[in-house]
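Peer 1: Got a structure for you, written out below as structure tokens; questions coming shortly.
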Amino acid sequence: MTEIDVSDIQGFALRGYNFPFARYLLLELLDLKAAQRFVGHVVSHITTGVKWDSGKPASTVNIAFTHPGLIQLGLPEETLLSFPVEFQQGMKARGEILGDTGKDAPERWDAVWDGDRVHVWLGVNGRSQEALDHRCSEMQRIMDETKGARLLYAQDASAVFIDGQPTTKEHFGYTDGFGNPDFKGAQRDCVPGQGKLTKDGRWEALATGEFLLGYADESGELPVAPIPHLLARNGTFMAYRKMHQNVATFRRYLDEQAKRYAPGTKEQLAAKFLGRWRDGTPLELSPDRPDPSIVKDPNRNTDFTYGADPAGARCPLGAHIRRANPRDSFGFNGELVNRRRIMRRGMTYGAYVPEGEPVNDKDERGIVFMALNASLFRQFEFVQQQWIQYGNDARQGNDNDLLTGNHGGKGRFVVQGTTDPRNPPFICGALPDFVELRGGDYFFMPGLTALHMMAAGTVDPR
Ligand code: HEM
């Protein structure tokens with residue numbers, strides 16, 4: 001069994017906290033000594049991976065740095081140059097690879113991303129709005145007292161509340177938050193469907209090094225990591241992307257297409273887009289109707305494969321979840337996919353508008369998408385470039401992901417269906433853009449030992 005030192009790992013890298021409120025503080029670091037002092041003070045606030053035996057805390061704090069942030073913190077040149085090249089370059093420079101062009105291009109991002117001013121991401125979660133505000137004030141006080149950092153932008157986020165209760169819905173009406181990879185040492189038994197497939201069809205946790213630096217990955221090697229080893233160990237990389245959702249366009253498009261999709265239903269078509277019914281039921285397990293008993297059961301709601309559905313009769317080959325985690329779709333018992341997994345830590349922002357009520361595309365509304373992995377290049381960038389923005393692996397040619405792809409009114413989505421009239425083959429054309437990127441960057445989320453070294457200025461690549 002893989003032992004990991006959970007007290008040295010940031011809790012955010014180990015688990016989704018499922019708090020209803022969050023604020024992502026984007027900071028600029030100031031004078032070197034003061035910036036080190038700032039990090040030194042924040043360290044004592046960091047939520048680690050240690051289990052919450054006496055219940056959830058009122059709030060949590062986590063921290064991560066862009067490459068310009070690490071430069072500002074005075075890390076030695078040899079260390080800075082030892083980081084993976086995609087992290088050194090940052091998200092903007094990787095735009096062509098990620099498909100961040102046109103409506104997703106950096107020229108259209110929130111002003112905070114102009115230049116390279118964002119050095120730090122401080123992720124604060126709260127069980128209540130008051131707890132969140134209180135913790136954020138504490139962070140502001142540390143900034144003021146140390147004079148080491150300045151708040152550039154505060155991105156509020158929260159769960160979608162329905163009837164006063166927090167839910168795991170996102171703005172298009174789908175239930176989110178099921179699929180997340182299990183890895184060794186992460187302190188929970190492997191949930192069926194969450195890790196990797198074994199030869200006898202069971203599921204087991206992935207290698208720790210797919211998500212944390214300093215441990216062997218699925219190839220049995222240590223992931224590429226900066227030097228010294230102590231700086232990298234127990235750290236991870238995060239892709240942060242603020243994704244605006246054009247809810248009015250999505251609802252209008254679904255309504256229009258559903259009129260032509262007879263005798264299939266609108267909800268069936270919505271399910272075909274994603275691969276799950278809007279309540280979360282996986283199409284592979286229940287192709288004809290939602291089944292709340294599956295959704296409720298963690299041992300069933302992600303326990304499915306695509307191997308018995310090679311032609312996309314139940315779940316279309318280009319459905320969002322089939323593209324983003326194709327499981328065994330490409331044969332070899334899913335082995336090609338095990339090195340392309342990402343941990344998602346998304347949270348919605350903006351007010352949720354119930355179905356049937358007037359809604360527009362202009363209002364601030366979307367998902368703060370955060371993906372964690374050991375290699376941005378091999379995992380997040382590959383998924384985004386090859387599976388989201390391109391369809392070849394899914395045998396969809398140039399068709400990209402209906403939900404998040406860059407379509408410009410020209411996209412196409414194919415429901416393969418069957419000869420059964422209740423499951424008709426169907427082509428959705430002239431796809432508009434349902435999602436637009438509003439900014440983001442790549443961050444390094446160090447372990448606690450590394451944070452202490454960074455604060456003390458003792459990072460030594462020799
Ligand atoms: C606004 C943008 C997005 C929306 C609304 C969205 C929505 C969803 C929903 C509703 C699910 C199903 C819930 C689940 O299986 O946990 C899901 C799953 C997933 N999404 Fe997205 N998503 C978005 C962006 C992305 C992006 C950009 C990526 C990758 C680069 C991505 C990767 C995934 C993955 C890996 C899964 C889990 C699939 C599985 O394990 O079966 N998503 N998404």
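Labels for the structure tokens follow display order: chains A, B, ..., residues from 1 in each chain, ligands from 1.
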What does the list of residues within 6 Å of ligand 1 look like if you count only C-alpha atoms and all ligand atoms, written as a list in words?
Peer 2: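 Final answer, ordered by chain and number: Tyr174, Thr175, Asp176, Gly177, Phe178, Gly179, Asn180, Met243, Gln245, Ile321, Ala324, Asn325, Ile367, Phe380, Val383, Gln384, Thr404 and Val435 of chain A.
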Peer 1: Within 7 Å of Ala450 (chain A), counting only C-alpha atoms, which residues show up once you throw out same-chain ones fewer than 3 positions away? Write them as a ChimeraX atom specification, please.
Peer 2: /A:230-231,446-447,453-454
Peer 1: From the list A:Leu269, A:Leu75, A:Leu317, A:Leu222, which residue is nearest Pro424 (chain A) when using only C-alpha atoms?
Peer 2: A:Leu269
Peer 1: Neighbours of Glu107 (chain A) within 10 Å (only C-alpha atoms; same-chain residues fewer than 6 positions away dropped), as a list in words?
Peer 2: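 After dropping sequence-adjacent residues, the list is Lys92, Thr101, Trp113, Asp114, Arg438 and Gly439 of chain A.
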Peer 1: At a cut-off of 7 Å, using only C-alpha atoms, what residues contact region 293-303 of chain A? Leave out same-chain residues fewer than 6 positions from it and give the result as a ChimeraX atom specification.
Peer 2: /A:178-179,191-194,280-282
Peer 1: Do a neighbour search on Leu336 (chain A) at 12 Å with only C-alpha atoms, toss out local chain neighbours closer than 6 positions, and write the hits as number ranges by chain.
Peer 2: A: 196-197, 218-219, 325-330, 378-379, 393
Peer 1: Can I get the residues of region 206-280 of chain A within 12 Å of region 15-24 of chain A, each with the closest pair of atoms and their distance in Å to one decimal, using only C-alpha atoms, sorted chain first then ascending number, as JSON lines?
Peer 2:
{"residue": "A:Phe211", "atom": "CA", "partner": "A:Arg15", "partner_atom": "CA", "distance": 11.6}
{"residue": "A:Tyr240", "atom": "CA", "partner": "A:Tyr24", "partner_atom": "CA", "distance": 10.2}
{"residue": "A:Arg241", "atom": "CA", "partner": "A:Tyr24", "partner_atom": "CA", "distance": 11.6}
{"residue": "A:Lys242", "atom": "CA", "partner": "A:Tyr24", "partner_atom": "CA", "distance": 10.8}
Peer 1: Could you check which of A:Leu29, A:Lys169, A:Met91, A:Arg135 is closest to Leu152 (chain A), using only C-alpha atoms?
Peer 2: A:Leu29
Peer 1: Give me, please, the distance in Å between CA of Pro84 (chain A) and CA of Leu376 (chain A), quoted to one decimal.
Peer 2: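 Result for CA of Pro84 (chain A) versus CA of Leu376 (chain A): 8.5 Å, one decimal.
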Peer 1: With only C-alpha atoms counted and 12 Å as the cut-off, give the residues of region 201-318 of chain A in contact with region 338-342 of chain A, each with its shortest interatomic distance in Å and the pair that gives it, as CSV.
Peer 2:
residue,atom,partner,partner_atom,distance
A:Trp203,CA,A:Asn338,CA,11.7
A:Glu204,CA,A:Asn338,CA,11.1
A:Ala205,CA,A:Asn338,CA,10.3
A:Leu206,CA,A:Asn338,CA,7.5
A:Ala207,CA,A:Asn338,CA,9.3
A:Thr208,CA,A:Arg339,CA,11.5
A:Gly209,CA,A:Arg339,CA,10.1
A:Glu210,CA,A:Arg339,CA,7.0
A:Phe211,CA,A:Ile342,CA,7.9
A:Leu212,CA,A:Ile342,CA,11.5
A:Asp217,CA,A:Arg339,CA,8.4
A:Glu218,CA,A:Arg339,CA,6.7
A:Ser219,CA,A:Arg339,CA,8.5
A:Gly220,CA,A:Arg339,CA,11.5
A:Pro223,CA,A:Arg339,CA,11.2
A:Thr236,CA,A:Ile342,CA,11.3
A:Phe237,CA,A:Ile342,CA,10.5
A:Met238,CA,A:Ile342,CA,9.6
A:Ala239,CA,A:Ile342,CA,9.9
Peer 1: Export all heavy atoms of the chosen residues as a short mmCIF file (atom, residue, chain, number, x, y, z; two decimals), in the first residue's frame?
Peer 2:
data_model
loop_
_atom_site.label_atom_id
_atom_site.label_comp_id
_atom_site.auth_asym_id
_atom_site.auth_seq_id
_atom_site.Cartn_x
_atom_site.Cartn_y
_atom_site.Cartn_z
N TRP A 203 -12.10 -2.40 -10.64
CA TRP A 203 -11.47 -1.07 -10.68
C TRP A 203 -10.46 -0.98 -9.56
O TRP A 203 -10.74 -1.42 -8.45
CB TRP A 203 -12.51 0.04 -10.50
CG TRP A 203 -13.51 0.11 -11.59
CD1 TRP A 203 -14.72 -0.55 -11.65
CD2 TRP A 203 -13.40 0.86 -12.81
NE1 TRP A 203 -15.36 -0.23 -12.82
CE2 TRP A 203 -14.59 0.64 -13.54
CE3 TRP A 203 -12.45 1.73 -13.35
CZ2 TRP A 203 -14.83 1.22 -14.78
CZ3 TRP A 203 -12.68 2.31 -14.58
CH2 TRP A 203 -13.86 2.05 -15.28
N GLU A 204 -9.28 -0.40 -9.85
CA GLU A 204 -8.37 -0.13 -8.74
C GLU A 204 -7.78 1.26 -8.88
O GLU A 204 -7.80 1.85 -9.96
CB GLU A 204 -7.28 -1.21 -8.64
CG GLU A 204 -6.30 -1.22 -9.77
CD GLU A 204 -5.25 -2.32 -9.62
OE1 GLU A 204 -5.54 -3.37 -9.02
OE2 GLU A 204 -4.13 -2.10 -10.13
N ALA A 205 -7.26 1.75 -7.74
CA ALA A 205 -6.77 3.14 -7.72
C ALA A 205 -5.58 3.29 -8.67
O ALA A 205 -4.78 2.36 -8.84
CB ALA A 205 -6.37 3.49 -6.30
N LEU A 206 -5.47 4.47 -9.27
CA LEU A 206 -4.34 4.77 -10.15
C LEU A 206 -3.09 5.02 -9.31
O LEU A 206 -3.17 5.26 -8.10
CB LEU A 206 -4.66 6.03 -10.97
CG LEU A 206 -5.67 5.82 -12.09
CD1 LEU A 206 -6.50 7.07 -12.33
CD2 LEU A 206 -4.97 5.41 -13.39
N ALA A 207 -1.92 5.01 -9.98
CA ALA A 207 -0.67 5.27 -9.28
C ALA A 207 -0.66 6.71 -8.76
O ALA A 207 -1.15 7.63 -9.42
CB ALA A 207 0.50 5.06 -10.24
N THR A 208 -0.09 6.89 -7.56
CA THR A 208 -0.07 8.22 -6.91
C THR A 208 0.58 9.27 -7.80
O THR A 208 0.15 10.42 -7.85
CB THR A 208 0.72 8.11 -5.58
OG1 THR A 208 0.27 6.94 -4.90
CG2 THR A 208 0.52 9.32 -4.71
N GLY A 209 1.63 8.85 -8.53
CA GLY A 209 2.39 9.80 -9.34
C GLY A 209 1.64 10.34 -10.54
O GLY A 209 2.15 11.21 -11.25
N GLU A 210 0.42 9.89 -10.78
CA GLU A 210 -0.39 10.53 -11.82
C GLU A 210 -0.91 11.89 -11.33
O GLU A 210 -1.32 12.72 -12.12
CB GLU A 210 -1.58 9.65 -12.22
CG GLU A 210 -1.19 8.40 -12.99
CD GLU A 210 -0.52 8.71 -14.34
OE1 GLU A 210 -1.00 9.59 -15.06
OE2 GLU A 210 0.51 8.06 -14.63
N PHE A 211 -0.90 12.07 -10.01
CA PHE A 211 -1.49 13.30 -9.45
C PHE A 211 -0.58 14.06 -8.51
O PHE A 211 -0.74 15.26 -8.34
CB PHE A 211 -2.82 12.95 -8.76
CG PHE A 211 -3.77 12.29 -9.72
CD1 PHE A 211 -3.94 10.92 -9.73
CD2 PHE A 211 -4.41 13.05 -10.68
CE1 PHE A 211 -4.75 10.31 -10.68
CE2 PHE A 211 -5.22 12.45 -11.64
CZ PHE A 211 -5.39 11.07 -11.63
N LEU A 212 0.37 13.35 -7.88
CA LEU A 212 1.27 14.04 -6.95
C LEU A 212 2.71 13.85 -7.40
O LEU A 212 3.10 12.73 -7.80
CB LEU A 212 1.12 13.46 -5.54
CG LEU A 212 -0.19 13.73 -4.81
CD1 LEU A 212 -0.18 13.04 -3.45
CD2 LEU A 212 -0.43 15.23 -4.63
N ASP A 217 4.49 7.02 -11.23
CA ASP A 217 3.23 7.14 -11.96
C ASP A 217 2.89 5.80 -12.63
O ASP A 217 3.51 4.77 -12.35
CB ASP A 217 3.27 8.32 -12.94
CG ASP A 217 4.36 8.16 -14.02
OD1 ASP A 217 4.79 7.01 -14.28
OD2 ASP A 217 4.76 9.20 -14.59
N GLU A 218 1.92 5.82 -13.52
CA GLU A 218 1.47 4.56 -14.14
C GLU A 218 2.57 3.89 -14.98
O GLU A 218 2.47 2.70 -15.29
CB GLU A 218 0.25 4.82 -15.03
CG GLU A 218 -1.07 4.93 -14.26
CD GLU A 218 -1.50 3.62 -13.61
OE1 GLU A 218 -1.35 2.55 -14.22
OE2 GLU A 218 -1.98 3.68 -12.46
N SER A 219 3.59 4.64 -15.37
CA SER A 219 4.67 4.01 -16.14
C SER A 219 5.76 3.50 -15.20
O SER A 219 6.78 2.98 -15.65
CB SER A 219 5.28 5.00 -17.13
OG SER A 219 6.05 5.95 -16.41
N GLY A 220 5.56 3.68 -13.90
CA GLY A 220 6.56 3.24 -12.93
C GLY A 220 7.69 4.24 -12.76
O GLY A 220 8.67 3.97 -12.07
N PRO A 223 7.18 11.40 -12.13
CA PRO A 223 6.80 12.42 -13.11
C PRO A 223 7.86 13.53 -13.19
O PRO A 223 8.56 13.77 -12.22
CB PRO A 223 5.48 12.97 -12.57
CG PRO A 223 5.31 12.43 -11.21
CD PRO A 223 6.24 11.29 -11.01
N THR A 236 1.52 19.48 -6.87
CA THR A 236 0.80 19.10 -8.08
C THR A 236 0.62 20.35 -8.95
O THR A 236 0.93 21.45 -8.52
CB THR A 236 -0.57 18.46 -7.73
OG1 THR A 236 -1.16 17.92 -8.91
CG2 THR A 236 -1.54 19.47 -7.12
N PHE A 237 0.15 20.17 -10.17
CA PHE A 237 -0.10 21.31 -11.05
C PHE A 237 -1.60 21.47 -11.27
O PHE A 237 -2.34 20.49 -11.32
CB PHE A 237 0.59 21.11 -12.40
CG PHE A 237 2.09 21.22 -12.31
CD1 PHE A 237 2.88 20.07 -12.30
CD2 PHE A 237 2.70 22.46 -12.22
CE1 PHE A 237 4.26 20.17 -12.21
CE2 PHE A 237 4.08 22.56 -12.13
CZ PHE A 237 4.87 21.42 -12.13
N MET A 238 -2.01 22.73 -11.41
CA MET A 238 -3.43 23.00 -11.60
C MET A 238 -3.65 23.88 -12.84
O MET A 238 -2.97 24.88 -13.03
CB MET A 238 -3.98 23.74 -10.37
CG MET A 238 -5.42 24.22 -10.54
SD MET A 238 -6.14 24.83 -9.01
CE MET A 238 -5.44 26.47 -8.93
N ALA A 239 -4.62 23.48 -13.66
CA ALA A 239 -5.09 24.35 -14.74
C ALA A 239 -6.36 25.02 -14.22
O ALA A 239 -7.31 24.34 -13.81
CB ALA A 239 -5.42 23.54 -15.99
#
Peer 1: Which of region 120-182 of chain A end up as helix (DSSP H, G or I) when DSSP is run on this backbone - answer as a list in words?
Peer 2: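 Output for region 120-182 of chain A, helix (DSSP H, G or I) only: Gln129, Glu130, Ala131, Leu132, Asp133, His134, Arg135, Cys136, Ser137, Glu138, Met139, Gln140, Arg141, Ile142, Met143, Asp144, Glu145 and Thr146 of chain A.
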Peer 1: Provide the CA of Trp121 (chain A) to CA of Asn62 (chain A) distance in Å, to one decimal place.
Peer 2: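 These atoms are spaced 8.1 Å apart.
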Peer 1: Quick one: residues within 9 Å of Leu32 (chain A), only C-alpha atoms counted, chain neighbours fewer than 3 positions away excluded, as an mmCIF file with N, CA, C and O atoms, in the first residue's frame?
Peer 2:
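As a result, part_28.cif now contains:
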data_model
loop_
_atom_site.group_PDB
_atom_site.id
_atom_site.type_symbol
_atom_site.label_atom_id
_atom_site.label_comp_id
_atom_site.auth_asym_id
_atom_site.auth_seq_id
_atom_site.Cartn_x
_atom_site.Cartn_y
_atom_site.Cartn_z
ATOM 1 N N LEU A 29 2.346 39.335 -6.180
ATOM 2 C CA LEU A 29 3.340 39.394 -5.105
ATOM 3 C C LEU A 29 4.140 40.675 -5.269
ATOM 4 O O LEU A 29 4.419 41.112 -6.391
ATOM 5 N N ALA A 35 7.157 39.396 0.173
ATOM 6 C CA ALA A 35 6.401 38.297 -0.432
ATOM 7 C C ALA A 35 6.713 36.986 0.299
ATOM 8 O O ALA A 35 5.820 36.172 0.554
ATOM 9 N N GLN A 36 7.986 36.810 0.665
ATOM 10 C CA GLN A 36 8.349 35.606 1.423
ATOM 11 C C GLN A 36 7.653 35.614 2.786
ATOM 12 O O GLN A 36 7.161 34.590 3.252
ATOM 13 N N ARG A 37 7.617 36.790 3.387
ATOM 14 C CA ARG A 37 6.926 36.913 4.692
ATOM 15 C C ARG A 37 5.454 36.558 4.531
ATOM 16 O O ARG A 37 4.872 35.845 5.344
ATOM 17 N N GLN A 72 8.938 35.926 -8.913
ATOM 18 C CA GLN A 72 8.802 37.036 -7.973
ATOM 19 C C GLN A 72 9.202 36.615 -6.562
ATOM 20 O O GLN A 72 9.694 37.423 -5.788
ATOM 21 N N LEU A 73 9.048 35.331 -6.261
ATOM 22 C CA LEU A 73 9.413 34.825 -4.930
ATOM 23 C C LEU A 73 10.906 34.515 -4.832
ATOM 24 O O LEU A 73 11.369 33.988 -3.825
ATOM 25 N N GLY A 74 11.620 34.793 -5.905
ATOM 26 C CA GLY A 74 13.071 34.684 -5.856
ATOM 27 C C GLY A 74 13.620 33.268 -5.935
ATOM 28 O O GLY A 74 14.744 33.004 -5.481
ATOM 29 N N GLY A 148 3.298 41.971 1.424
ATOM 30 C CA GLY A 148 3.937 41.078 0.458
ATOM 31 C C GLY A 148 3.077 40.738 -0.750
ATOM 32 O O GLY A 148 3.567 40.161 -1.720
#
Peer 1: Region 354-360 of chain A: which residues within 10 Å, counting only C-alpha atoms, same-chain residues fewer than 3 positions away excluded, as a list in words?
Peer 2: Ile162, His171, Phe172, Gly173, Asn246, Val247, Ala248, Thr249, Arg251, Ala351, Asp363, Glu364 and Arg365 of chain A
Peer 1: With only C-alpha atoms as the basis for distance, which of A:Glu86, A:Asp279, A:Glu381, A:Asp361 is at the shortest distance from Phe250 (chain A)?
Peer 2: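 Of A:Glu86, A:Asp279, A:Glu381, A:Asp361, the one nearest Phe250 (chain A), counting only C-alpha atoms, is A:Asp361.
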Peer 1: If you run DSSP on the backbone here, which positions in region 49-128 of chain A get strand (DSSP E or B)? Please write them as a ChimeraX atom specification.
Peer 2: /A:59-65,120-126
Peer 1: I need the residues from that last selection saved to file as a PDB file, in the first residue's frame (with C-alpha atoms), if you can.
Peer 2:
ATOM      1  CA  SER A  59     -13.476  27.281   6.032  1.00  0.00           C
ATOM      2  CA  THR A  60     -10.375  26.137   4.157  1.00  0.00           C
ATOM      3  CA  VAL A  61      -7.400  27.868   2.514  1.00  0.00           C
ATOM      4  CA  ASN A  62      -5.083  26.629  -0.232  1.00  0.00           C
ATOM      5  CA  ILE A  63      -2.397  28.290  -2.266  1.00  0.00           C
ATOM      6  CA  ALA A  64      -0.752  27.885  -5.675  1.00  0.00           C
ATOM      7  CA  PHE A  65       1.686  29.914  -7.806  1.00  0.00           C
ATOM      8  CA  VAL A 120      -0.858  33.550  -6.636  1.00  0.00           C
ATOM      9  CA  TRP A 121      -4.142  31.712  -6.426  1.00  0.00           C
ATOM     10  CA  LEU A 122      -5.570  31.604  -2.911  1.00  0.00           C
ATOM     11  CA  GLY A 123      -8.510  29.239  -2.856  1.00  0.00           C
ATOM     12  CA  VAL A 124     -10.821  29.863   0.096  1.00  0.00           C
ATOM     13  CA  ASN A 125     -13.896  27.692   0.742  1.00  0.00           C
ATOM     14  CA  GLY A 126     -16.566  28.318   3.358  1.00  0.00           C
TER      15      GLY A 126
END
Peer 1: Rank nothing, just name the residue among A:Arg344, A:Arg117, A:Arg260, A:Lys147 nearest to Gly69 (chain A), using only C-alpha atoms.
Peer 2: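 Smallest distance to Gly69 (chain A) is found for A:Arg117.
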Peer 1: Between A:Val459, A:Leu451, A:Ala308, A:Leu437, which residue has the minimum interatomic distance to Trp109 (chain A), considering only C-alpha atoms?
Peer 2: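 For Trp109 (chain A), the nearest of the candidates is A:Leu437.
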Peer 1: Rounded to one decimal, what separation in Å do you get between CA of Phe304 (chain A) and CA of Arg276 (chain A)?
Peer 2: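 Spanning CA of Phe304 (chain A) to CA of Arg276 (chain A) is a straight-line distance of 11.5 Å.
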